[in-house]
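Working notes, structure below.
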Amino acid sequence: VTQYLADWRPYPFEIAETRLEFDLAPRATRVRSQIDFRRKGAGDLVLDGAGLKTLSLAIDGKPLDPAGATGGRLVIPAADLPDAFTFAAEVEIDPEANTALEGLYLSGGMFCTQCEAEGFRHITWYPDRPDVMAPFRVTIRSDKPVLLSNGNPVSQGAGQAVWHDPWPKPAYLFALVAGDLVAVPDSFTTMSGRQVALNVWVRPGDQDRAGYAMESLIRSMKWDEEAYGREYDLDVFNIVAVDDFNMGAMENKGLNIFNSKLVLASAETATDGDYERIEGVIGHEYFHNWTGNRITCRDWFQLCLKEGLTVFRDQQFTSDMRSAAVKRIHDVQTLRARQFREDAGPLAHPPRPDHYQEINNFYTATVYEKGAEVIGMLKRLVGDQGYRRALDLYFDRHDGQACTIEDWIKVFQDATGRDLAQFKRWYTDAGTPRLTLSEDWRDGTLTLDFRQETAPTPGQPDKPPRVIPIALGLIGPNGDEVLPTTVLEMTEARQSFRFGDLGARPVVSLLRGFSAPVTVSREIAADEQALLLAHDTDPYARWQAGHDLALDALIARSTGAEGGAEFSRAIGGLLDDAEADPAFAALCLSLPGEEEIATTIAARGEIPDPDAIHAAREALARDIASAHEPALARLYEAMTTPGPYRPDAEGAGRRSLRLACLGLLSRIDGAARAEALFAAASNMTERQGALEWLIAAGRDAEALAAFAREFAGNRLVMDKWFMVQPLRAAPGLAVARARDLAARPDFDWKNPNRFRALIGGLGANHAAFHAADGSGYDFAVDWLMRLDPVNPQTTARMCSAFETWTRYDATRQAHARAALGQLAAMPGLSRNTSEMVTRILAGG
Ligand code: ARG
Ligand code: ZN
């Protein structure tokens with residue numbers, strides 16, 4: 001059944017308090033609940049429940065017939081209810097059988113929960129909707145040594161713990177953990193002097209890998225006070241690492257639960273990228289305490305209210321902790337790779353969708369990353385001070401409430417006086433606008449004529465113009481900036497802007513800082529792009545100029561034309577002063593990925609050929625390596641990071657440049673340097689980097705064996721081992737490699753990290769996944785069919801590997817359609833996967 005935003009109605013009751021008692025047992029956990037309801041509107045009492053064995057139900061102590069509680073809903077007629085009453089239930093659930101990892105489940109013998117979005121109904125009968133908020137009192141009985149829930153501890157005794165969370169919260173923020181855990185403790189004093197006890201809970205033996213998560217938490221708490229004036233509000237803050245988790249992490253009030261890969265790190269086991277993600281996600285979940293928990297969502301259509309804002313906040317945090325320029329470029333890369341791709345295909349939806357079948361399918365790049373971009377645009381339009389005033393008003397006005405995008409927009413209108421009616425389309429309309437620039441130069445005046453168009457998306461044929469903040473600058477022919485960054489506000493489908501009194505024709509540095517999530521189409525000569533790459537003052541625009549140069553060359557080559565001379569020349573200039581900013585140089589040296597090349601070709605209305613794209617990219621890499629071998633080799637040697645490993649931005653930047661050089665050089669040195677580095681490296685960043693190039697060169701047997709011997713006991717590191725092989729193997733070999741790996745006894749496919757490593761690794765090998773014989777599609781679908789009955793959420797998410805299937809040729813499309821058809825026809829297919837496959841197939 002489809003849920004519609006238009007159907008939302010207020011819940012007719014509020015809750016004074018929710019009391020829960022858990023008697024934990026793997027196969028039969030008892031949950032007793034008492035919920036104090038008060039009427040606030042007309043209507044029946046409707047409660048949600050799923051997969052519960054209901055033992056008893058009562059209103060104010062008077063038993064109800066549990067037989068009425070079936071089909072996921074329990075409805076008690078309004079006529080049978082006083083204005084205030086206590087609803088009580090006792091149910092039995094089976095955590096051990098819960099392989100979907102939704103509700104209460106077991107991970108490595110530990111009890112844990114995941115309730116967002118609708119997991120709480122798998123625990124007991126409840127109004128499982130985000131606009132019903134209550135303080136919780138939770139009693140846990142179990143023989144596990146560590147018993148945790150939300151809020152503050154009330155009492156801890158033999159086999160029993162009581163927790164009280166005074167902050168009213170929706171059920172999706174409930175959490176419980178019981179296990180054999182050890183804490184890495186620390187503390188934090190908030191700006192008003194509150195002492196907070198901090199703990200990162202891990203399995204015994206993992207303590208020495210939890211330090212970075214703790215440091216990141218402390219930095220997050222400090223940053224939110226300084227940047228947003230937000231203070232923490234409980235006596236304790238607990239983080240727990242679990243091995244089996246469908247997503248990254250969860251912001252449960254006072255008790256964040258994390259996928260262990262986003263907590264555990266050491267130099268030997270985690271890469272620079274892992275460290276950066278840990279810091280970012282620890283921040284993200286912590287920042288939810290205000291943007292998500294204190295102020296939550298009225299309904300799940302409003303998901304981007306908390307996610308877009310919290311991603312925006314974690315991006316700001318990372319920019320402040322590391323390099324703002326590098327962070328921005330990374331974020332743009334991710335947005336393009338994931339969100340633009342989503343927006344251009346059958347799964348396109350607006351940041352605030354107005355209908356869905358399964359909300360878990362809407363935890364997407366559009367809701368998260370585009371949701372964050374929309375806030376970045378708002379901030380650009382109202383200015384830093386306007387943004388700060390609006391956010392202060394938001395926290396002030398809506399603390400303790402469950403809100404909507406309309407509330408959010410109104411706060412900006414009220415705080416800044418700006419009319420945001422047209423801006424709101426960014427929230428309600430799907431699709432990526434295409435911005436086309438044509439220029440006219442005469443008599444010292446440059447006229448920029450912009451057009452914006454957005455292609456139809458499923459269910460939305462018409463796309464009226466949006467407000468697009470276009471940040472630009474002008475660079476004179478000798479490289480001087482003749483106009484610093486200026487923000488144009490485009491509101492019409494077509495609009496011109498004039499810049500006069502210019503001596504010579506400048507080059508437009510367009511969309512500085514990636515000021516709006518749009519694609520750009522413009523005529524620009526290769527030597528003008530090279531000028532921007534050499535002289536632009538905006539780091540994003542500078543990088544983009546080089547990136548476009550490479551992209552144009554790759555597209556030309558993949559269609560049999562020539563290309564790359566200008567790019568290669570520009571790289572030469574860049575290598576000369578690469579040491580001044582290694583991270584930036586590394587970004588410029590990394591060629592656009594095959595997926596992005598295919599996306600760009602498809603956006604130009606042509607059919608991408610995965611094999612030709614792969615060949616073109618390899619050839620360009622080889623040419624660059626040959627042309628610049630001495631400089632690359634010199635940089636490769638220079639970019640070492642002596643002394644003990646430090647996961648900071650500076651060291652990470654040097655290592656990223658080192659590995660970028662290594663990748664290019666591996667194309668011409670038979671991976672000799674990669675082999676040496678693999679043997680010598682003392683950190684996982686270089687170790688994994690070297691391994692990837694050994695795999696690409698087909699010289700991996702010894703290294704893989706050594707790696708597996710060394711890390712056999714470390715699941716997170718072995719996930720890397722499972723991922724890099726299908727990802728980096730030559731396209732013709734990758735599917736066979738994936739098949740062999742899937743047959744191994746340690747391919748623990750019920751673990752989402754392991755499943756994603758292997759199937760996702762192959763999915764990210766563009767030419768292999770889109771193999772012309774359909775073998776990539778078949779392999780993936782075989783595994784999706786196997787996983788769906790076990791874990792629908794993870795299966796459904798992985799279906800997005802197919803979201804681009806209609807851009808390829810008829811042969812590939814036929815293979816994809818057949819594979820997807822098989823999945824769609826599987827008896828008992830979950831609602832999650834069924835919605836995804838139906839939408840994906842409807843695109844063809
Ligand atoms: N709110 C969590 C986060 O942003 C995501 C949890 C989503 N989980 C799910 N099963 N849909 O970080
Ligand atoms: Zn989030």
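Going through the structure tokens in order, the chains are called A, B, and so on, while each chain numbers its residues from 1 and the ligands are numbered from 1 in the order shown.
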task = Please check which protein, DNA or RNA residues sit within 8 Å of ligand 2, counting only C-alpha atoms and all ligand atoms, and write them as a ChimeraX atom specification.
result = /A:249-251,284-285,288,292,306-308,310-311,368
key: Within 10 Å of A:Arg646 using only C-alpha atoms, minus same-chain residues under 5 positions, as JSON, numbers by chain   = {"A": [266, 267, 272, 641, 651, 652, 683]}
Create the file for the chosen residues now, containing N, CA and C atoms and written as a compact mmCIF listing (two decimals), in the first residue's frame.
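And here is the file that came out, part-v6.txt:
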# COMPACT_ATOMS: atom_id res chain seq x y z
N SER A 266 42.45 1.66 13.72
CA SER A 266 43.85 1.80 14.13
C SER A 266 44.64 1.98 12.84
N ALA A 267 45.87 2.45 12.98
CA ALA A 267 46.69 2.68 11.79
C ALA A 267 46.78 1.43 10.92
N ASP A 272 42.80 6.27 5.82
CA ASP A 272 42.50 7.69 6.07
C ASP A 272 41.03 7.97 5.81
N THR A 641 55.17 9.74 4.78
CA THR A 641 54.76 10.38 6.03
C THR A 641 55.52 9.73 7.17
N GLY A 651 48.52 14.56 6.77
CA GLY A 651 49.09 13.26 6.42
C GLY A 651 48.24 12.56 5.37
N ALA A 652 46.93 12.65 5.54
CA ALA A 652 46.02 12.01 4.59
C ALA A 652 46.22 12.60 3.19
N ASN A 683 50.82 1.34 7.38
CA ASN A 683 49.45 1.78 7.66
C ASN A 683 48.52 1.22 6.59
message = as an MDAnalysis selection string, please: every residue in stretch 581-753 of chain A that a backbone DSSP assignment puts in helix (DSSP H, G or I).
response = chainID A and resid 582:589 594:603 610:627 629:638 649:666 672:680 684:696 701:711 715:728 731:742 752:753
message = I'd like the neighbourhood of stretch 505-522 of chain A as an NGL selection string, where a residue qualifies if any of its atoms comes within 6 Å (using only C-alpha atoms), though same-chain residues fewer than 6 positions away should be ignored.
response = :A and (432-437 or 470-477 or 540-541)
ask   = What is the atom CA of A:Leu823 to atom CA of A:Arg737 distance in Å?
value =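 Taking atom CA of A:Leu823 and atom CA of A:Arg737, their separation equals 22.8 Å.
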ask   = Quick one: distance from atom CA of A:Leu589 to atom CA of A:Arg557 in Å, one decimal?
value =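 Atom-to-atom, atom CA of A:Leu589 and atom CA of A:Arg557 are spaced 17.9 Å apart.
Non-sequential neighbours of A:Phe85 (distance at most 9 Å, separation of 3 or more positions within a chain, only C-alpha atoms) are Ile35, Asp36, Phe37, Arg38, Arg39, Ile59, Asp60, Leu81 and Pro82 of chain A.
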Keeping N, CA and C atoms for every residue in the selection just given, could you write it to a file as a tab-separated table (two decimals), in the first residue's frame?
chain	number	residue	atom	x	y	z
A	35	ILE	N	1.60	2.49	28.93
A	35	ILE	CA	1.65	3.79	28.26
A	35	ILE	C	0.51	4.64	28.80
A	36	ASP	N	0.87	5.80	29.35
A	36	ASP	CA	-0.16	6.71	29.91
A	36	ASP	C	-0.63	7.67	28.82
A	37	PHE	N	-1.81	7.42	28.29
A	37	PHE	CA	-2.36	8.25	27.21
A	37	PHE	C	-3.30	9.31	27.76
A	38	ARG	N	-3.33	10.45	27.08
A	38	ARG	CA	-4.33	11.50	27.36
A	38	ARG	C	-4.92	11.91	26.03
A	39	ARG	N	-6.24	12.02	26.02
A	39	ARG	CA	-6.89	12.41	24.77
A	39	ARG	C	-6.63	13.87	24.45
A	59	ILE	N	-6.60	-2.07	29.42
A	59	ILE	CA	-6.77	-0.62	29.59
A	59	ILE	C	-7.13	-0.39	31.05
A	60	ASP	N	-6.33	0.40	31.74
A	60	ASP	CA	-6.52	0.66	33.17
A	60	ASP	C	-6.75	-0.63	33.95
A	81	LEU	N	-12.92	4.24	25.60
A	81	LEU	CA	-11.76	4.86	26.25
A	81	LEU	C	-12.12	6.10	27.04
A	82	PRO	N	-11.62	6.20	28.29
A	82	PRO	CA	-11.75	7.45	29.03
A	82	PRO	C	-10.78	8.50	28.47
query = Looking at A:Thr600, A:Thr364, A:Ser775, A:Ser142, which one is nearest to ligand 1, with distances taken over only C-alpha atoms and all ligand atoms?
reply =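 Of A:Thr600, A:Thr364, A:Ser775, A:Ser142, the one nearest ligand 1 is A:Thr364, counting only C-alpha atoms and all ligand atoms.
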request  = Rank A:Gln413, A:Ser438, A:Thr491, A:Asn252 by their smallest atom-to-atom distance to ligand 1, using only C-alpha atoms and all ligand atoms, and report the top residue only.
outcome  =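 When distances to ligand 1 are compared using only C-alpha atoms and all ligand atoms, the smallest one comes from A:Asn252.
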